[in-house]
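What's in structure.cif: mmCIF, C-alpha atoms
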data_run
loop_
_atom_site.group_PDB
_atom_site.id
_atom_site.type_symbol
_atom_site.label_atom_id
_atom_site.label_comp_id
_atom_site.auth_asym_id
_atom_site.auth_seq_id
_atom_site.Cartn_x
_atom_site.Cartn_y
_atom_site.Cartn_z
ATOM 1 C CA MET A 1 -32.829 -0.874 -94.277
ATOM 2 C CA SER A 2 -31.416 0.550 -91.048
ATOM 3 C CA ILE A 3 -28.536 3.026 -91.135
ATOM 4 C CA VAL A 4 -25.470 1.726 -89.297
ATOM 5 C CA PHE A 5 -22.994 4.494 -90.135
ATOM 6 C CA GLU A 6 -23.346 8.103 -91.262
ATOM 7 C CA LYS A 7 -21.731 11.526 -90.974
ATOM 8 C CA PRO A 8 -22.427 13.188 -87.621
ATOM 9 C CA HIS A 9 -24.991 15.962 -87.890
ATOM 10 C CA ALA A 10 -22.664 18.256 -85.940
ATOM 11 C CA LEU A 11 -20.196 18.122 -88.867
ATOM 12 C CA THR A 12 -20.851 20.275 -91.925
ATOM 13 C CA ASP A 13 -20.496 19.051 -95.522
ATOM 14 C CA VAL A 14 -17.425 21.245 -96.085
ATOM 15 C CA PRO A 15 -14.366 19.190 -97.158
ATOM 16 C CA PHE A 16 -11.454 19.329 -94.707
ATOM 17 C CA HIS A 17 -8.387 21.308 -95.763
ATOM 18 C CA TYR A 18 -6.001 19.132 -93.748
ATOM 19 C CA CYS A 19 -3.033 17.304 -95.276
ATOM 20 C CA PRO A 20 -3.381 13.602 -96.199
ATOM 21 C CA GLY A 21 -2.837 11.419 -93.142
ATOM 22 C CA CYS A 22 -3.405 14.231 -90.656
ATOM 23 C CA THR A 23 -5.503 13.091 -87.701
ATOM 24 C CA HIS A 24 -7.400 16.372 -87.276
ATOM 25 C CA GLY A 25 -10.216 14.958 -89.381
ATOM 26 C CA ILE A 26 -10.597 11.925 -87.115
ATOM 27 C CA VAL A 27 -10.733 14.071 -83.994
ATOM 28 C CA HIS A 28 -13.212 16.485 -85.597
ATOM 29 C CA ARG A 29 -15.523 13.551 -86.232
ATOM 30 C CA LEU A 30 -15.188 12.315 -82.644
ATOM 31 C CA VAL A 31 -16.036 15.750 -81.254
ATOM 32 C CA ALA A 32 -19.059 15.915 -83.555
ATOM 33 C CA GLU A 33 -20.196 12.412 -82.587
ATOM 34 C CA ALA A 34 -20.004 13.332 -78.898
ATOM 35 C CA ILE A 35 -22.050 16.483 -79.540
ATOM 36 C CA ASP A 36 -24.655 14.445 -81.430
ATOM 37 C CA GLU A 37 -24.923 11.766 -78.758
ATOM 38 C CA LEU A 38 -25.303 14.327 -75.989
ATOM 39 C CA GLY A 39 -27.865 16.287 -78.012
ATOM 40 C CA ILE A 40 -26.114 19.610 -77.402
ATOM 41 C CA GLU A 41 -25.420 20.946 -80.915
ATOM 42 C CA GLY A 42 -27.715 23.938 -80.467
ATOM 43 C CA ASN A 43 -26.278 24.677 -77.051
ATOM 44 C CA THR A 44 -22.565 24.384 -77.868
ATOM 45 C CA VAL A 45 -19.942 26.986 -78.772
ATOM 46 C CA GLY A 46 -16.525 25.999 -80.093
ATOM 47 C CA ILE A 47 -13.465 28.250 -80.052
ATOM 48 C CA ALA A 48 -11.213 27.955 -83.109
ATOM 49 C CA PRO A 49 -7.541 28.897 -82.643
ATOM 50 C CA VAL A 50 -4.698 29.974 -84.884
ATOM 51 C CA GLY A 51 -2.902 26.972 -86.351
ATOM 52 C CA CYS A 52 -3.806 24.091 -88.649
ATOM 53 C CA SER A 53 -7.336 24.055 -87.228
ATOM 54 C CA VAL A 54 -7.839 27.780 -87.801
ATOM 55 C CA PHE A 55 -10.742 26.959 -90.144
ATOM 56 C CA ALA A 56 -12.494 24.662 -87.648
ATOM 57 C CA TYR A 57 -15.444 27.043 -87.719
ATOM 58 C CA ASN A 58 -16.164 25.749 -91.235
ATOM 59 C CA TYR A 59 -16.513 22.164 -90.067
ATOM 60 C CA PHE A 60 -18.802 22.198 -87.026
ATOM 61 C CA ASN A 61 -22.523 22.948 -87.163
ATOM 62 C CA CYS A 62 -22.489 24.489 -83.697
ATOM 63 C CA ASP A 63 -21.708 28.156 -83.116
ATOM 64 C CA MET A 64 -18.000 28.940 -83.413
ATOM 65 C CA VAL A 65 -15.793 31.879 -82.374
ATOM 66 C CA GLU A 66 -12.338 32.623 -83.808
ATOM 67 C CA ALA A 67 -9.727 33.465 -81.165
ATOM 68 C CA PRO A 68 -6.345 35.222 -81.461
ATOM 69 C CA HIS A 69 -3.290 32.969 -81.315
ATOM 70 C CA GLY A 70 -3.126 31.213 -77.944
ATOM 71 C CA ARG A 71 -6.115 33.014 -76.467
ATOM 72 C CA ALA A 72 -8.796 30.369 -77.025
ATOM 73 C CA PRO A 73 -9.084 29.495 -73.292
ATOM 74 C CA ALA A 74 -9.516 33.192 -72.435
ATOM 75 C CA VAL A 75 -12.207 33.605 -75.103
ATOM 76 C CA ALA A 76 -13.882 30.394 -73.932
ATOM 77 C CA THR A 77 -13.872 31.733 -70.375
ATOM 78 C CA GLY A 78 -15.723 34.857 -71.478
ATOM 79 C CA VAL A 79 -18.288 32.886 -73.478
ATOM 80 C CA LYS A 80 -18.904 30.444 -70.627
ATOM 81 C CA ARG A 81 -19.160 33.072 -67.910
ATOM 82 C CA ALA A 82 -21.611 35.098 -69.980
ATOM 83 C CA ASN A 83 -23.621 31.952 -70.841
ATOM 84 C CA PRO A 84 -23.077 29.380 -68.047
ATOM 85 C CA ASP A 85 -25.539 26.867 -69.523
ATOM 86 C CA LEU A 86 -23.649 26.536 -72.814
ATOM 87 C CA THR A 87 -21.187 23.725 -73.508
ATOM 88 C CA VAL A 88 -17.978 25.488 -74.543
ATOM 89 C CA PHE A 89 -14.892 23.839 -76.003
ATOM 90 C CA THR A 90 -11.584 24.962 -77.464
ATOM 91 C CA TYR A 91 -9.780 22.996 -80.157
ATOM 92 C CA GLN A 92 -6.041 23.752 -80.072
ATOM 93 C CA GLY A 93 -2.686 22.550 -81.310
ATOM 94 C CA ASP A 94 0.529 22.360 -79.307
ATOM 95 C CA GLY A 95 2.005 25.605 -80.633
ATOM 96 C CA ASP A 96 -1.197 27.494 -79.890
ATOM 97 C CA LEU A 97 -1.872 25.919 -76.485
ATOM 98 C CA ALA A 98 1.568 25.181 -75.054
ATOM 99 C CA ALA A 99 3.655 28.073 -76.410
ATOM 100 C CA ILE A 100 1.962 31.430 -76.925
ATOM 101 C CA GLY A 101 -1.088 30.214 -74.998
ATOM 102 C CA THR A 102 0.649 28.631 -72.005
ATOM 103 C CA ALA A 103 -0.528 31.244 -69.513
ATOM 104 C CA GLU A 104 -4.143 31.099 -70.668
ATOM 105 C CA THR A 105 -4.114 27.296 -70.496
ATOM 106 C CA VAL A 106 -2.607 27.099 -67.021
ATOM 107 C CA HIS A 107 -4.845 29.770 -65.538
ATOM 108 C CA VAL A 108 -8.138 28.297 -66.765
ATOM 109 C CA GLY A 109 -7.042 25.181 -64.887
ATOM 110 C CA ALA A 110 -6.066 27.176 -61.816
ATOM 111 C CA ARG A 111 -9.429 28.951 -61.851
ATOM 112 C CA GLY A 112 -11.364 25.773 -62.592
ATOM 113 C CA GLU A 113 -13.194 27.266 -65.544
ATOM 114 C CA ASN A 114 -16.068 25.050 -66.675
ATOM 115 C CA ILE A 115 -14.829 24.573 -70.239
ATOM 116 C CA THR A 116 -13.411 21.681 -72.266
ATOM 117 C CA ILE A 117 -10.078 21.775 -74.097
ATOM 118 C CA ILE A 118 -9.383 19.425 -77.013
ATOM 119 C CA PHE A 119 -5.606 19.520 -77.381
ATOM 120 C CA ILE A 120 -3.896 18.150 -80.500
ATOM 121 C CA ASN A 121 -0.262 17.229 -79.798
ATOM 122 C CA ASN A 122 1.697 16.434 -82.960
ATOM 123 C CA ALA A 123 5.041 17.619 -81.565
ATOM 124 C CA ILE A 124 5.574 20.303 -84.202
ATOM 125 C CA TYR A 125 4.263 23.589 -85.587
ATOM 126 C CA GLY A 126 2.166 22.415 -88.516
ATOM 127 C CA MET A 127 0.646 25.448 -90.234
ATOM 128 C CA THR A 128 3.722 27.690 -90.166
ATOM 129 C CA GLY A 129 6.228 25.271 -91.664
ATOM 130 C CA GLY A 130 7.393 22.650 -89.183
ATOM 131 C CA GLN A 131 9.210 24.606 -86.480
ATOM 132 C CA MET A 132 10.032 23.086 -83.098
ATOM 133 C CA ALA A 133 7.098 23.158 -80.679
ATOM 134 C CA PRO A 134 7.115 22.967 -76.868
ATOM 135 C CA THR A 135 6.107 19.313 -77.304
ATOM 136 C CA SER A 136 8.812 18.375 -79.852
ATOM 137 C CA LEU A 137 10.809 15.384 -78.618
ATOM 138 C CA LEU A 138 14.469 15.411 -77.654
ATOM 139 C CA GLY A 139 16.466 14.677 -80.787
ATOM 140 C CA GLN A 140 13.550 15.567 -83.071
ATOM 141 C CA VAL A 141 14.636 17.373 -86.227
ATOM 142 C CA THR A 142 12.537 20.402 -87.188
ATOM 143 C CA THR A 143 13.157 23.513 -89.271
ATOM 144 C CA THR A 144 14.315 25.380 -86.151
ATOM 145 C CA SER A 145 16.156 22.406 -84.588
ATOM 146 C CA PRO A 146 18.022 21.045 -87.647
ATOM 147 C CA TYR A 147 20.398 19.055 -85.432
ATOM 148 C CA GLY A 148 17.599 17.699 -83.270
ATOM 149 C CA ARG A 149 16.127 19.188 -80.115
ATOM 150 C CA GLN A 150 18.801 19.383 -77.428
ATOM 151 C CA LYS A 151 17.986 19.559 -73.735
ATOM 152 C CA GLU A 152 20.918 21.876 -73.023
ATOM 153 C CA ILE A 153 19.759 24.399 -75.642
ATOM 154 C CA GLN A 154 15.992 24.103 -76.134
ATOM 155 C CA GLY A 155 15.044 22.376 -72.888
ATOM 156 C CA ASN A 156 12.732 19.426 -72.376
ATOM 157 C CA PRO A 157 9.339 18.806 -74.019
ATOM 158 C CA ILE A 158 6.312 19.859 -71.974
ATOM 159 C CA ARG A 159 3.897 17.152 -70.823
ATOM 160 C CA VAL A 160 0.653 19.114 -70.833
ATOM 161 C CA CYS A 161 -1.692 16.511 -69.318
ATOM 162 C CA GLU A 162 0.605 15.916 -66.366
ATOM 163 C CA LEU A 163 1.009 19.667 -65.859
ATOM 164 C CA MET A 164 -2.721 20.389 -65.976
ATOM 165 C CA ALA A 165 -3.508 17.497 -63.637
ATOM 166 C CA THR A 166 -1.566 19.231 -60.842
ATOM 167 C CA LEU A 167 -3.959 22.195 -60.845
ATOM 168 C CA ASP A 168 -6.778 22.203 -58.312
ATOM 169 C CA GLY A 169 -9.331 23.481 -60.812
ATOM 170 C CA THR A 170 -8.742 20.706 -63.330
ATOM 171 C CA ALA A 171 -11.465 18.091 -62.990
ATOM 172 C CA TYR A 172 -10.490 15.769 -65.818
ATOM 173 C CA ALA A 173 -7.284 15.254 -67.808
ATOM 174 C CA GLU A 174 -6.718 12.326 -70.155
ATOM 175 C CA ARG A 175 -4.244 11.598 -72.947
ATOM 176 C CA VAL A 176 -5.429 9.516 -75.897
ATOM 177 C CA THR A 177 -4.449 8.836 -79.501
ATOM 178 C CA VAL A 178 -6.224 7.799 -82.692
ATOM 179 C CA ASP A 179 -3.748 5.419 -84.356
ATOM 180 C CA CYS A 180 -6.071 2.380 -84.430
ATOM 181 C CA VAL A 181 -9.743 1.482 -84.022
ATOM 182 C CA LYS A 182 -9.404 0.666 -80.322
ATOM 183 C CA ASN A 183 -7.716 3.966 -79.560
ATOM 184 C CA VAL A 184 -10.166 5.937 -81.711
ATOM 185 C CA ARG A 185 -13.036 4.520 -79.673
ATOM 186 C CA ASN A 186 -11.241 5.321 -76.445
ATOM 187 C CA ALA A 187 -10.594 8.874 -77.633
ATOM 188 C CA LYS A 188 -14.289 9.344 -78.353
ATOM 189 C CA ARG A 189 -15.170 8.084 -74.878
ATOM 190 C CA ALA A 190 -12.730 10.577 -73.352
ATOM 191 C CA ILE A 191 -14.074 13.520 -75.368
ATOM 192 C CA LYS A 192 -17.665 12.671 -74.494
ATOM 193 C CA LYS A 193 -16.752 12.316 -70.823
ATOM 194 C CA ALA A 194 -14.989 15.689 -70.896
ATOM 195 C CA PHE A 195 -18.213 17.310 -72.104
ATOM 196 C CA GLU A 196 -20.165 15.481 -69.393
ATOM 197 C CA ILE A 197 -17.728 16.697 -66.739
ATOM 198 C CA GLN A 198 -18.353 20.240 -67.959
ATOM 199 C CA GLN A 199 -22.120 19.756 -67.833
ATOM 200 C CA LYS A 200 -21.768 18.676 -64.203
ATOM 201 C CA LYS A 201 -19.917 21.949 -63.495
ATOM 202 C CA LEU A 202 -16.956 20.170 -61.931
ATOM 203 C CA GLY A 203 -14.176 22.299 -63.425
ATOM 204 C CA LEU A 204 -11.819 22.249 -66.391
ATOM 205 C CA SER A 205 -11.692 19.153 -68.592
ATOM 206 C CA ILE A 206 -8.876 18.554 -71.077
ATOM 207 C CA VAL A 207 -8.317 15.737 -73.557
ATOM 208 C CA GLU A 208 -4.875 15.563 -75.162
ATOM 209 C CA VAL A 209 -4.752 13.662 -78.455
ATOM 210 C CA VAL A 210 -1.292 12.462 -79.502
ATOM 211 C CA SER A 211 -1.376 13.027 -83.255
ATOM 212 C CA THR A 212 0.655 12.896 -86.454
ATOM 213 C CA CYS A 213 1.919 15.518 -88.906
ATOM 214 C CA PRO A 214 3.110 13.494 -91.924
ATOM 215 C CA THR A 215 3.860 16.605 -94.009
ATOM 216 C CA ASN A 216 6.226 18.291 -91.553
ATOM 217 C CA TRP A 217 7.614 15.035 -90.219
ATOM 218 C CA GLY A 218 8.551 14.170 -93.812
ATOM 219 C CA LEU A 219 6.861 10.771 -93.607
ATOM 220 C CA SER A 220 4.046 8.941 -95.341
ATOM 221 C CA PRO A 221 0.803 8.687 -93.344
ATOM 222 C CA GLU A 222 1.560 5.033 -92.569
ATOM 223 C CA LYS A 223 5.146 5.727 -91.482
ATOM 224 C CA ALA A 224 3.943 8.695 -89.411
ATOM 225 C CA MET A 225 1.665 6.397 -87.411
ATOM 226 C CA GLU A 226 4.605 4.061 -86.828
ATOM 227 C CA TRP A 227 6.776 6.981 -85.685
ATOM 228 C CA LEU A 228 4.043 8.086 -83.282
ATOM 229 C CA ARG A 229 3.860 4.626 -81.693
ATOM 230 C CA GLU A 230 7.625 4.133 -81.525
ATOM 231 C CA ASN A 231 8.588 7.612 -80.293
ATOM 232 C CA MET A 232 5.765 9.816 -79.035
ATOM 233 C CA LEU A 233 3.924 7.345 -76.820
ATOM 234 C CA GLU A 234 7.052 6.661 -74.783
ATOM 235 C CA HIS A 235 7.330 10.313 -73.801
ATOM 236 C CA TYR A 236 3.567 10.928 -73.767
ATOM 237 C CA PRO A 237 2.020 7.830 -72.143
ATOM 238 C CA LEU A 238 -1.695 7.358 -72.685
ATOM 239 C CA GLY A 239 -4.048 7.338 -69.730
ATOM 240 C CA VAL A 240 -6.187 9.275 -67.288
ATOM 241 C CA TYR A 241 -4.118 11.761 -65.296
ATOM 242 C CA LYS A 242 -6.973 13.207 -63.262
ATOM 243 C CA ASP A 243 -10.651 12.371 -62.879
ATOM 244 C CA VAL A 244 -12.508 13.909 -59.945
ATOM 245 C CA THR A 245 -15.506 11.663 -60.582
ATOM 246 C CA ALA A 246 -13.355 8.579 -60.041
ATOM 247 C CA GLU A 247 -11.809 10.109 -56.927
ATOM 248 C CA GLU A 248 -15.275 10.881 -55.518
ATOM 249 C CA ALA A 249 -16.384 7.303 -56.176
ATOM 250 C CA LYS A 250 -13.650 5.826 -53.998
#

Would you mind writing the file's structure down as structure tokens?
Amino acid sequence: MSIVFEKPHALTDVPFHYCPGCTHGIVHRLVAEAIDELGIEGNTVGIAPVGCSVFAYNYFNCDMVEAPHGRAPAVATGVKRANPDLTVFTYQGDGDLAAIGTAETVHVGARGENITIIFINNAIYGMTGGQMAPTSLLGQVTTTSPYGRQKEIQGNPIRVCELMATLDGTAYAERVTVDCVKNVRNAKRAIKKAFEIQQKKLGLSIVEVVSTCPTNWGLSPEKAMEWLRENMLEHYPLGVYKDVTAEEAK
């Protein structure tokens, strides 16, 4: 009997610690599937951040490095420059990447570092208790915006993909989500392409995954998916924001 479905080899057998309904587990699997299909497990280094995915080093069979809060792109830069033939990726949440790590994120794009960023955008600080993140929506209630995020006080949410696409060193920027089978498959395609862009030494590649946080949103997993579709995708439209390979093909 032929095997039609199995756990990716690039994933370990360690159970995830994530909350029920969290989409980190889905994205972990997609990253692992891309690593398997490209045959790069033994030549890949992942950078784990501070945040909900702080224990990502437990879940991937490739080599992993733990980075200080927000500094994953800087650590990835060092690893890649010291070992240019490695495939290097960071796996970061919105608090890690777009708040304390904003400078590191922007400057790897400005420099065109040959690394891949997997960016999980669930519009809230997950691990530390549900505080407002740079990506929290206007009107969104969090522990630090109990009356809803207000533009006059906390400013507007940051659209990371659009921002990174403006930088000359960014080769590929795409926003995806994993709320249904079609979008899961598209997210996997984007992650795999990001790794391929890196292998071609074209510059920074970033895939933003619009995600849920049922625990801190105070919703069931099902209702969280509905909230994502009804609220987040309007402010964070899915799509390719930059692809130098497509531009070269014209």

Would you write out, as number ranges by chain, every residue that the PyMOL selection byres ((chain A and resi 212-215) around 12) captures in this file?
A: 18-27, 52, 93-94, 120-131, 136, 142, 177-179, 209-211, 216-229, 231-233

Check the smallest atom-to-atom distance from each of A:Val207, A:Leu11, A:Ala165, A:Ile197 to Lys242 in chain A using only C-alpha atoms, then report the winner.
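Distance minimum relative to Lys242 in chain A lands on A:Ala165.
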
Residues within 12 Å of Ala76 in chain A, all atoms listed in the file, excluding chain neighbours under 3 positions, as a VMD selection string
chain A and resid 44 to 49 64 to 68 70 to 73 79 to 84 86 to 92 104 to 105 108 113 to 117 204

Next, write the just-selected residues to a file, as a PDB file, in the frame of the given file, keeping C-alpha atoms as the atom set.
ATOM      1  CA  THR A  44     -22.565  24.384 -77.868  1.00  0.00           C
ATOM      2  CA  VAL A  45     -19.942  26.986 -78.772  1.00  0.00           C
ATOM      3  CA  GLY A  46     -16.525  25.999 -80.093  1.00  0.00           C
ATOM      4  CA  ILE A  47     -13.465  28.250 -80.052  1.00  0.00           C
ATOM      5  CA  ALA A  48     -11.213  27.955 -83.109  1.00  0.00           C
ATOM      6  CA  PRO A  49      -7.541  28.897 -82.643  1.00  0.00           C
ATOM      7  CA  MET A  64     -18.000  28.940 -83.413  1.00  0.00           C
ATOM      8  CA  VAL A  65     -15.793  31.879 -82.374  1.00  0.00           C
ATOM      9  CA  GLU A  66     -12.338  32.623 -83.808  1.00  0.00           C
ATOM     10  CA  ALA A  67      -9.727  33.465 -81.165  1.00  0.00           C
ATOM     11  CA  PRO A  68      -6.345  35.222 -81.461  1.00  0.00           C
ATOM     12  CA  GLY A  70      -3.126  31.213 -77.944  1.00  0.00           C
ATOM     13  CA  ARG A  71      -6.115  33.014 -76.467  1.00  0.00           C
ATOM     14  CA  ALA A  72      -8.796  30.369 -77.025  1.00  0.00           C
ATOM     15  CA  PRO A  73      -9.084  29.495 -73.292  1.00  0.00           C
ATOM     16  CA  VAL A  79     -18.288  32.886 -73.478  1.00  0.00           C
ATOM     17  CA  LYS A  80     -18.904  30.444 -70.627  1.00  0.00           C
ATOM     18  CA  ARG A  81     -19.160  33.072 -67.910  1.00  0.00           C
ATOM     19  CA  ALA A  82     -21.611  35.098 -69.980  1.00  0.00           C
ATOM     20  CA  ASN A  83     -23.621  31.952 -70.841  1.00  0.00           C
ATOM     21  CA  PRO A  84     -23.077  29.380 -68.047  1.00  0.00           C
ATOM     22  CA  LEU A  86     -23.649  26.536 -72.814  1.00  0.00           C
ATOM     23  CA  THR A  87     -21.187  23.725 -73.508  1.00  0.00           C
ATOM     24  CA  VAL A  88     -17.978  25.488 -74.543  1.00  0.00           C
ATOM     25  CA  PHE A  89     -14.892  23.839 -76.003  1.00  0.00           C
ATOM     26  CA  THR A  90     -11.584  24.962 -77.464  1.00  0.00           C
ATOM     27  CA  TYR A  91      -9.780  22.996 -80.157  1.00  0.00           C
ATOM     28  CA  GLN A  92      -6.041  23.752 -80.072  1.00  0.00           C
ATOM     29  CA  GLU A 104      -4.143  31.099 -70.668  1.00  0.00           C
ATOM     30  CA  THR A 105      -4.114  27.296 -70.496  1.00  0.00           C
ATOM     31  CA  VAL A 108      -8.138  28.297 -66.765  1.00  0.00           C
ATOM     32  CA  GLU A 113     -13.194  27.266 -65.544  1.00  0.00           C
ATOM     33  CA  ASN A 114     -16.068  25.050 -66.675  1.00  0.00           C
ATOM     34  CA  ILE A 115     -14.829  24.573 -70.239  1.00  0.00           C
ATOM     35  CA  THR A 116     -13.411  21.681 -72.266  1.00  0.00           C
ATOM     36  CA  ILE A 117     -10.078  21.775 -74.097  1.00  0.00           C
ATOM     37  CA  LEU A 204     -11.819  22.249 -66.391  1.00  0.00           C
TER      38      LEU A 204
END

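Counting all atoms listed in the file and comparing A:Pro237, A:Gly203, A:Gly51, A:Gly169, the residue that lies closest to Gly101 in chain A is A:Gly51.
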
Nearest to Ser53 in chain A: which of A:Ile118, A:Leu30, A:Glu37, A:Ala194 is it, counting only C-alpha atoms?
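Closest to Ser53 in chain A, using only C-alpha atoms: A:Ile118.
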
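Considering the residues A:Asn58, A:Asn183, A:Gln150, A:Asn43 and counting all atoms listed in the file, Gln199 in chain A has its shortest atom-to-atom contact with A:Asn43.
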
Extract range 206-218 of chain A from the coordinates I pasted, and write it as a tab-separated table (two decimals), in the first residue's frame (atoms kept: N, CA and C atoms).
chain	number	residue	atom	x	y	z
A	206	ILE	N	10.28	37.23	2.25
A	206	ILE	CA	9.45	37.26	3.46
A	206	ILE	C	8.05	36.78	3.11
A	207	VAL	N	7.52	35.88	3.92
A	207	VAL	CA	6.15	35.41	3.79
A	207	VAL	C	5.41	35.77	5.07
A	208	GLU	N	4.40	36.60	4.96
A	208	GLU	CA	3.57	36.97	6.10
A	208	GLU	C	2.34	36.07	6.12
A	209	VAL	N	2.08	35.44	7.25
A	209	VAL	CA	0.93	34.56	7.40
A	209	VAL	C	-0.06	35.19	8.37
A	210	VAL	N	-1.20	35.64	7.85
A	210	VAL	CA	-2.25	36.19	8.71
A	210	VAL	C	-2.84	35.04	9.52
A	211	SER	N	-2.78	35.16	10.84
A	211	SER	CA	-3.06	34.02	11.71
A	211	SER	C	-4.04	34.39	12.82
A	212	THR	N	-4.42	33.38	13.59
A	212	THR	CA	-5.37	33.58	14.68
A	212	THR	C	-4.70	33.42	16.04
A	213	CYS	N	-5.33	33.98	17.06
A	213	CYS	CA	-4.92	33.77	18.46
A	213	CYS	C	-6.19	33.62	19.28
A	214	PRO	N	-6.86	32.45	19.20
A	214	PRO	CA	-8.15	32.28	19.88
A	214	PRO	C	-8.09	32.61	21.36
A	215	THR	N	-7.00	32.23	22.04
A	215	THR	CA	-6.91	32.44	23.49
A	215	THR	C	-6.98	33.92	23.84
A	216	ASN	N	-6.14	34.73	23.21
A	216	ASN	CA	-6.10	36.16	23.57
A	216	ASN	C	-7.16	36.98	22.86
A	217	TRP	N	-7.73	36.45	21.80
A	217	TRP	CA	-8.88	37.11	21.20
A	217	TRP	C	-10.16	36.81	21.99
A	218	GLY	N	-10.11	35.79	22.84
A	218	GLY	CA	-11.28	35.41	23.62
A	218	GLY	C	-12.35	34.74	22.78
